[in-house]
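One structure is given here, and the rest of the page talks about it.
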Amino acid sequence: MLDQIQVSGKSDTRSGFGEGLLALGHSRPEVVALCADLTGSLKMTAFKKAFPDRFYNVGIAEANMMGVAAGLTIGGKIPFTGTFANFSTGRVYDQIRQSIAYSGKNVKICASHAGITLGEDGATHQILEDIGMMKMLPHMTVIVPCDFNQTKAATMAIADLEGPVYLRFGRPKVPIFTAADQDFVIGKAQTIAEGTDVSIIACGHLVWRAVEAAKALEAEGISVELINMHTIKPLDEEAILRSVAKTGCVVTAEEHQMNGGLGDSVAQVLVRNQPAPLEMVAVNDSFGESGTPDQLMRKYGIDTPNIIEAAKKVISRK
Amino acid sequence: MSTVQQLQTIASQVRRDIVRMVHAVNSGHPGGSLGCTDLLTALFFEIMDHDASFNMDGKGEDLFFLSNGHISPVYYSVLARAGYFPVNELATFRKIDSRLQGHPATEEGLPGVRIASGSLGQGLSVALGAALAKKLNGDDKIVFSLHGDGELQEGQIWEAVMFAAHHKVDNIISFVDWNGQQIDGPTAEVMALGDLEAKWRAFGWEVLHLDGHDMPAILDTAKRARTLTGNGKPIVVLMRTAMGKGVDFMEGTHHWHGKAPNDEQLASALSQLEETLGDY
């Protein structure tokens with residue numbers, strides 16, 4: 001299956017969001033969008049131009065944006081908020097907690113520039129804790145798509161889900177390798193390759209790195225089961241358990257802190273159901289810094305070689 | 001009985017409900033509740049065009065958002081007395097398995113409540129969102145909101161105030177419960193609010209003043225505020241109130257912001273408040 005993966009180009013996941021939002025503008029009149037002075041960065045310009053009456057620039061005031069979005073749901077609107085992941089979560093945690101999650105409001109929190117691959121702007125903007133914060137909130141669905149096509153599909157899919165959603169995507173251009181016409185099912189993991197020696201479970205930008213790692217491992221005769229866990233919550237526990245029953249060990253890979261991320265959700269599933277060796281490829285209790293995305297992924301240990309190394313290590317622990 | 005007399009009759013019962021509710025669980029916030037009783041009574045029994053059968057979307061009706069959620073006792077009492085849920089349910093306030101949480105919430109599905117509030121400063125943003133939804137829906141009803149004066153110390157309020165003027169949200173009437181008190185003491189000592197009228201005006205709002213215990217004035221001001229909607233500007237009513245209004249030993253002090261009366265104090269309070277509609 002790995003050799004069947006085709007790269008159709010490169011693009012940023014945020015552009016997938018922008019295209020998905022524009023499509024929703026046409027198909028769902030109740031969809032409205034809010035942005036906190038980052039319309040271009042969030043690729044919301046096309047929606048704004050096509051639907052000026054359904055677009056609100058709130059200025060640099062993210063707390064107010066979350067509240068206004070919550071209010072717009074009262075009256076049947078489906079608001080999509082757009083700003084950087086840092087300002088979509090940590091800055092407005094209490095607003096999301098009370099006005100959106102606890103109040104069960106149908107707000108879609110769409111967050112770009114997540115993680116370390118934001119790059120040169122540095123650690124003030126490189127949030128690596130957002131998945132943890134959002135998955136802890138009752139009622140919240142957390143989705144981290146891996147490429148342009150999947151981000152577009154996820155953006156459109158969340159409009160059909162009643163309830164709050166955190167959709168996390170990023171800035172850099174990355175390979176497009178999922179299908180343009182994919183059926184995105186929230187909470188249903190996507191198996192990219194089947195294998196028997198090790199399960200690699202990744203999300204977001206790390207899925208492509210995991211593809212590269214899996215190819216390298218296969219070349220060395222190691223059979224990899226590769227799972228794209230695009231929905232962190234609700235987690236597809238069945239997919240994890242089915243896979244680990246075959247492979248007996250797991251590597252998780254994500255652009256997030258080890259604490260609170262995908263790896264720790266997978267670890268909970270394993271220890272509760274089917275204990276197995278687990279290695280987590282994630283940022284280990286550290287802030288990021290300025291640099292190019294590739295340099296940062298290498299320095300902070302979330303690159304392809306780290307996944308390969310983790311796979312070999314976890315197999316040795318079986 | 002005139003409308004004003006009817007409203008005053010209801011308000012007396014609401015005040016009884018408030019002190020009985022907080023006494024029963026030895027917790028809750030009677031001060032601000034008593035101070036806002038006249039306004040909430042007038043809103044739900046006269047000013048607002050609303051539907052007690054309750055639909056979350058509230059299309060085609062006026063909406064009310066309580067931003068200073070700690071004054072839940074007055075909110076719950078007025079909602080119950082207005083027919084949103086059984087009056088007897090007031091006895092469950094702050095108790096386990098109740099829909100009447102310490103601060104208002106939607107989680108348990110209490111009719112009348114459209115957003116959780118309690119963590120301060122968030123309700124104006126929500127009310128503005130609901131007002132914008134009305135505009136998008138071609139719904140000419142309006143949105144009311146209520147905020148504490150101490151709550152104006154929260155930064156998010158001023159984000160929302162700026163937003164409302166910029167986006168010409170002119171179908172909202174916000175009330176500020178200007179009692180000059182907050183938990184730690186008078187607002188002037190804790191964090192002075194300065195010239196509130198000048199501040200709201202400078203941010204682009206239409207500003208009205210009101211004595212929040214003068215029932216005819218409440219009705220007149222609400223009527224005047226409604227005539228000012230649709231003119232491109234949001235409207236705020238700076239409402240002077242006394243915290244603890246209606247119970248002499250609670251009135252005008254921050255000491256009863258979040259404190260319940262004991263048995264003796266309850267008896268004294270109830271002796272000052274006529275039972276007009278029957279206690280729950």
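Order determines the names: the first chain of the structure tokens is A, the second B, and so forth; residues in each chain are numbered 1 upward, and ligands are numbered 1 upward as they are shown.
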List the neighbours of region 81-85 of chain B out to 8 Å using only C-alpha atoms; skip same-chain residues closer than 2 positions along the sequence, and give me the result as a list in words. Val14, Phe44, Phe45, Ala52, Ser53, Phe54, Ser77, Val78, Leu79, Val87, Glu89, Leu110, Pro111 and Gly112 of chain B
Among the residues of region 35-262 of chain B, find those DSSP assigns to helix (DSSP H, G or I) from the backbone and print them as a ChimeraX atom specification. /B:35,37-47,69-81,87-92,123-136,150-153,155-166,187-190,196-202,215-228,254-256
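A straight line drawn from CA of Leu66 (chain B) to CA of Val165 (chain A) is 25.1 Å long.
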Spatial neighbours of Leu2 (chain A), max dist 10 Å, only C-alpha atoms, sep filter under 2 positions, as JSON, numbers by chain: {"A": [4, 5, 6, 192, 193, 194, 211, 212, 214, 215, 218, 224, 225, 226]}
Per DSSP on the backbone, filter region 80-211 of chain B down to the residues in strand (DSSP E) and report them as a VMD selection string. chain B and resid 143 to 148 172 to 178 181 to 182 185 to 186 206 to 211
Write out as a VMD selection string every residue belonging to chain A that has an atom at most 9 Å from any atom of chain B, counting only C-alpha atoms. chain A and resid 53 to 54 56 58 to 77 94 to 95 98 to 100 102 to 105
Which polymer residues have any atom within 6 Å of an atom of Phe144 (chain B), counting only C-alpha atoms, with same-chain residues fewer than 5 positions away left out, as an MDAnalysis selection string? chainID B and resid 63:64 172:174
For N, CA, C and O atoms, I'd like the residues from the last selection saved as a PDB file, in the first residue's frame.
```
ATOM      1  N   LEU B  63     -34.612  38.550  23.079  1.00  0.00           N
ATOM      2  CA  LEU B  63     -33.772  37.654  23.886  1.00  0.00           C
ATOM      3  C   LEU B  63     -33.121  38.424  25.021  1.00  0.00           C
ATOM      4  O   LEU B  63     -32.858  39.616  24.910  1.00  0.00           O
ATOM      5  N   PHE B  64     -32.853  37.704  26.094  1.00  0.00           N
ATOM      6  CA  PHE B  64     -32.145  38.300  27.233  1.00  0.00           C
ATOM      7  C   PHE B  64     -30.931  37.456  27.589  1.00  0.00           C
ATOM      8  O   PHE B  64     -31.029  36.227  27.661  1.00  0.00           O
ATOM      9  N   ILE B 172     -29.368  45.914  19.924  1.00  0.00           N
ATOM     10  CA  ILE B 172     -29.070  45.451  21.284  1.00  0.00           C
ATOM     11  C   ILE B 172     -29.272  46.593  22.272  1.00  0.00           C
ATOM     12  O   ILE B 172     -28.952  47.764  21.972  1.00  0.00           O
ATOM     13  N   ILE B 173     -29.848  46.253  23.423  1.00  0.00           N
ATOM     14  CA  ILE B 173     -29.946  47.196  24.543  1.00  0.00           C
ATOM     15  C   ILE B 173     -29.281  46.521  25.738  1.00  0.00           C
ATOM     16  O   ILE B 173     -29.772  45.520  26.260  1.00  0.00           O
ATOM     17  N   SER B 174     -28.146  47.067  26.141  1.00  0.00           N
ATOM     18  CA  SER B 174     -27.401  46.492  27.268  1.00  0.00           C
ATOM     19  C   SER B 174     -27.636  47.339  28.516  1.00  0.00           C
ATOM     20  O   SER B 174     -27.637  48.568  28.440  1.00  0.00           O
TER      21      SER B 174
END
```
What's the 12 Å shell around Ala188 (chain B), counting only C-alpha atoms, without same-chain residues fewer than 6 positions away, as a list in words?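 So the residues in contact are Asp149, Gly150, Gln153, Trp178, Asn179, Gly180, Gln181, Gln182, Gly194 and Asp195 of chain B.
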Please produce an output containing all heavy atoms for each residue in the selection, written as a CSV table (one decimal), in the first residue's frame.
```
chain,number,residue,atom,x,y,z
B,149,ASP,N,-21.4,46.2,37.1
B,149,ASP,CA,-20.5,47.3,36.9
B,149,ASP,C,-19.0,46.8,37.2
B,149,ASP,O,-18.1,47.1,36.4
B,149,ASP,CB,-20.8,48.6,37.7
B,149,ASP,CG,-21.0,48.3,39.2
B,149,ASP,OD1,-20.9,47.2,39.6
B,149,ASP,OD2,-21.2,49.3,39.9
B,150,GLY,N,-18.9,46.0,38.2
B,150,GLY,CA,-17.5,45.5,38.4
B,150,GLY,C,-17.1,44.6,37.2
B,150,GLY,O,-15.9,44.6,36.9
B,153,GLN,N,-14.7,45.7,34.5
B,153,GLN,CA,-13.2,45.7,34.6
B,153,GLN,C,-12.6,44.6,33.7
B,153,GLN,O,-11.4,44.6,33.5
B,153,GLN,CB,-12.9,45.4,36.1
B,153,GLN,CG,-13.2,46.6,37.0
B,153,GLN,CD,-13.4,46.3,38.4
B,153,GLN,OE1,-13.2,45.1,38.8
B,153,GLN,NE2,-13.7,47.3,39.3
B,178,TRP,N,-25.3,49.4,37.8
B,178,TRP,CA,-24.3,50.4,38.4
B,178,TRP,C,-24.5,50.6,39.9
B,178,TRP,O,-25.1,51.6,40.3
B,178,TRP,CB,-24.4,51.7,37.6
B,178,TRP,CG,-23.2,52.6,37.7
B,178,TRP,CD1,-22.0,52.4,38.4
B,178,TRP,CD2,-23.0,53.9,37.1
B,178,TRP,NE1,-21.2,53.4,38.3
B,178,TRP,CE2,-21.8,54.3,37.5
B,178,TRP,CE3,-23.8,54.6,36.2
B,178,TRP,CZ2,-21.3,55.6,37.0
B,178,TRP,CZ3,-23.3,55.9,35.8
B,178,TRP,CH2,-22.1,56.3,36.2
B,179,ASN,N,-24.2,49.6,40.7
B,179,ASN,CA,-24.4,49.7,42.1
B,179,ASN,C,-23.2,50.1,42.9
B,179,ASN,O,-23.2,50.3,44.1
B,179,ASN,CB,-25.0,48.4,42.7
B,179,ASN,CG,-24.0,47.2,42.4
B,179,ASN,OD1,-22.8,47.4,42.3
B,179,ASN,ND2,-24.6,46.0,42.4
B,180,GLY,N,-22.1,50.2,42.1
B,180,GLY,CA,-20.8,50.8,42.8
B,180,GLY,C,-20.2,49.8,43.8
B,180,GLY,O,-19.3,50.3,44.6
B,181,GLN,N,-20.6,48.6,43.7
B,181,GLN,CA,-20.1,47.6,44.7
B,181,GLN,C,-19.5,46.4,44.0
B,181,GLN,O,-20.1,46.0,43.0
B,181,GLN,CB,-21.2,47.1,45.7
B,181,GLN,CG,-21.9,48.2,46.4
B,181,GLN,CD,-21.1,48.9,47.4
B,181,GLN,OE1,-20.1,48.4,48.0
B,181,GLN,NE2,-21.4,50.2,47.8
B,182,GLN,N,-18.5,45.8,44.6
B,182,GLN,CA,-18.1,44.5,44.1
B,182,GLN,C,-17.6,43.7,45.3
B,182,GLN,O,-17.6,44.2,46.4
B,182,GLN,CB,-17.0,44.6,43.0
B,182,GLN,CG,-15.8,45.4,43.4
B,182,GLN,CD,-14.9,45.7,42.1
B,182,GLN,OE1,-14.8,46.8,41.7
B,182,GLN,NE2,-14.3,44.7,41.5
B,194,GLY,N,-14.3,55.1,36.6
B,194,GLY,CA,-14.2,56.4,35.9
B,194,GLY,C,-15.5,56.9,35.4
B,194,GLY,O,-16.6,56.5,35.9
B,195,ASP,N,-15.4,57.7,34.3
B,195,ASP,CA,-16.6,58.3,33.7
B,195,ASP,C,-17.2,57.3,32.8
B,195,ASP,O,-16.9,57.3,31.6
B,195,ASP,CB,-16.2,59.6,33.0
B,195,ASP,CG,-17.4,60.4,32.6
B,195,ASP,OD1,-18.5,59.8,32.4
B,195,ASP,OD2,-17.3,61.6,32.3
```
With a distance cut-off of 10 Å and only C-alpha atoms, select the neighbouring residues of region 112-125 of chain A, excluding the residue or stretch itself and same-chain residues fewer than 3 positions from it, and output the selection as a PyMOL selection string. chain A and resi 12-15+17+38+41-43+82-88+109+128-131+144+167-173+204-205+254-257+283+286-297+300+302
Quick one: residues within 9 Å of Val244 (chain A), only C-alpha atoms counted, chain neighbours fewer than 6 positions away excluded, as a PyMOL selection string? chain A and resi 196+198-199+250+270+274+276
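What separates CA of Asn284 (chain A) from CA of Ala210 (chain A) is a distance of 18.3 Å.
For the set A:Thr191, A:Ser8, A:Ser265, A:Asn149, the residue with the smallest atom-to-atom gap to Arg242 (chain A) is A:Thr191, counting only C-alpha atoms.
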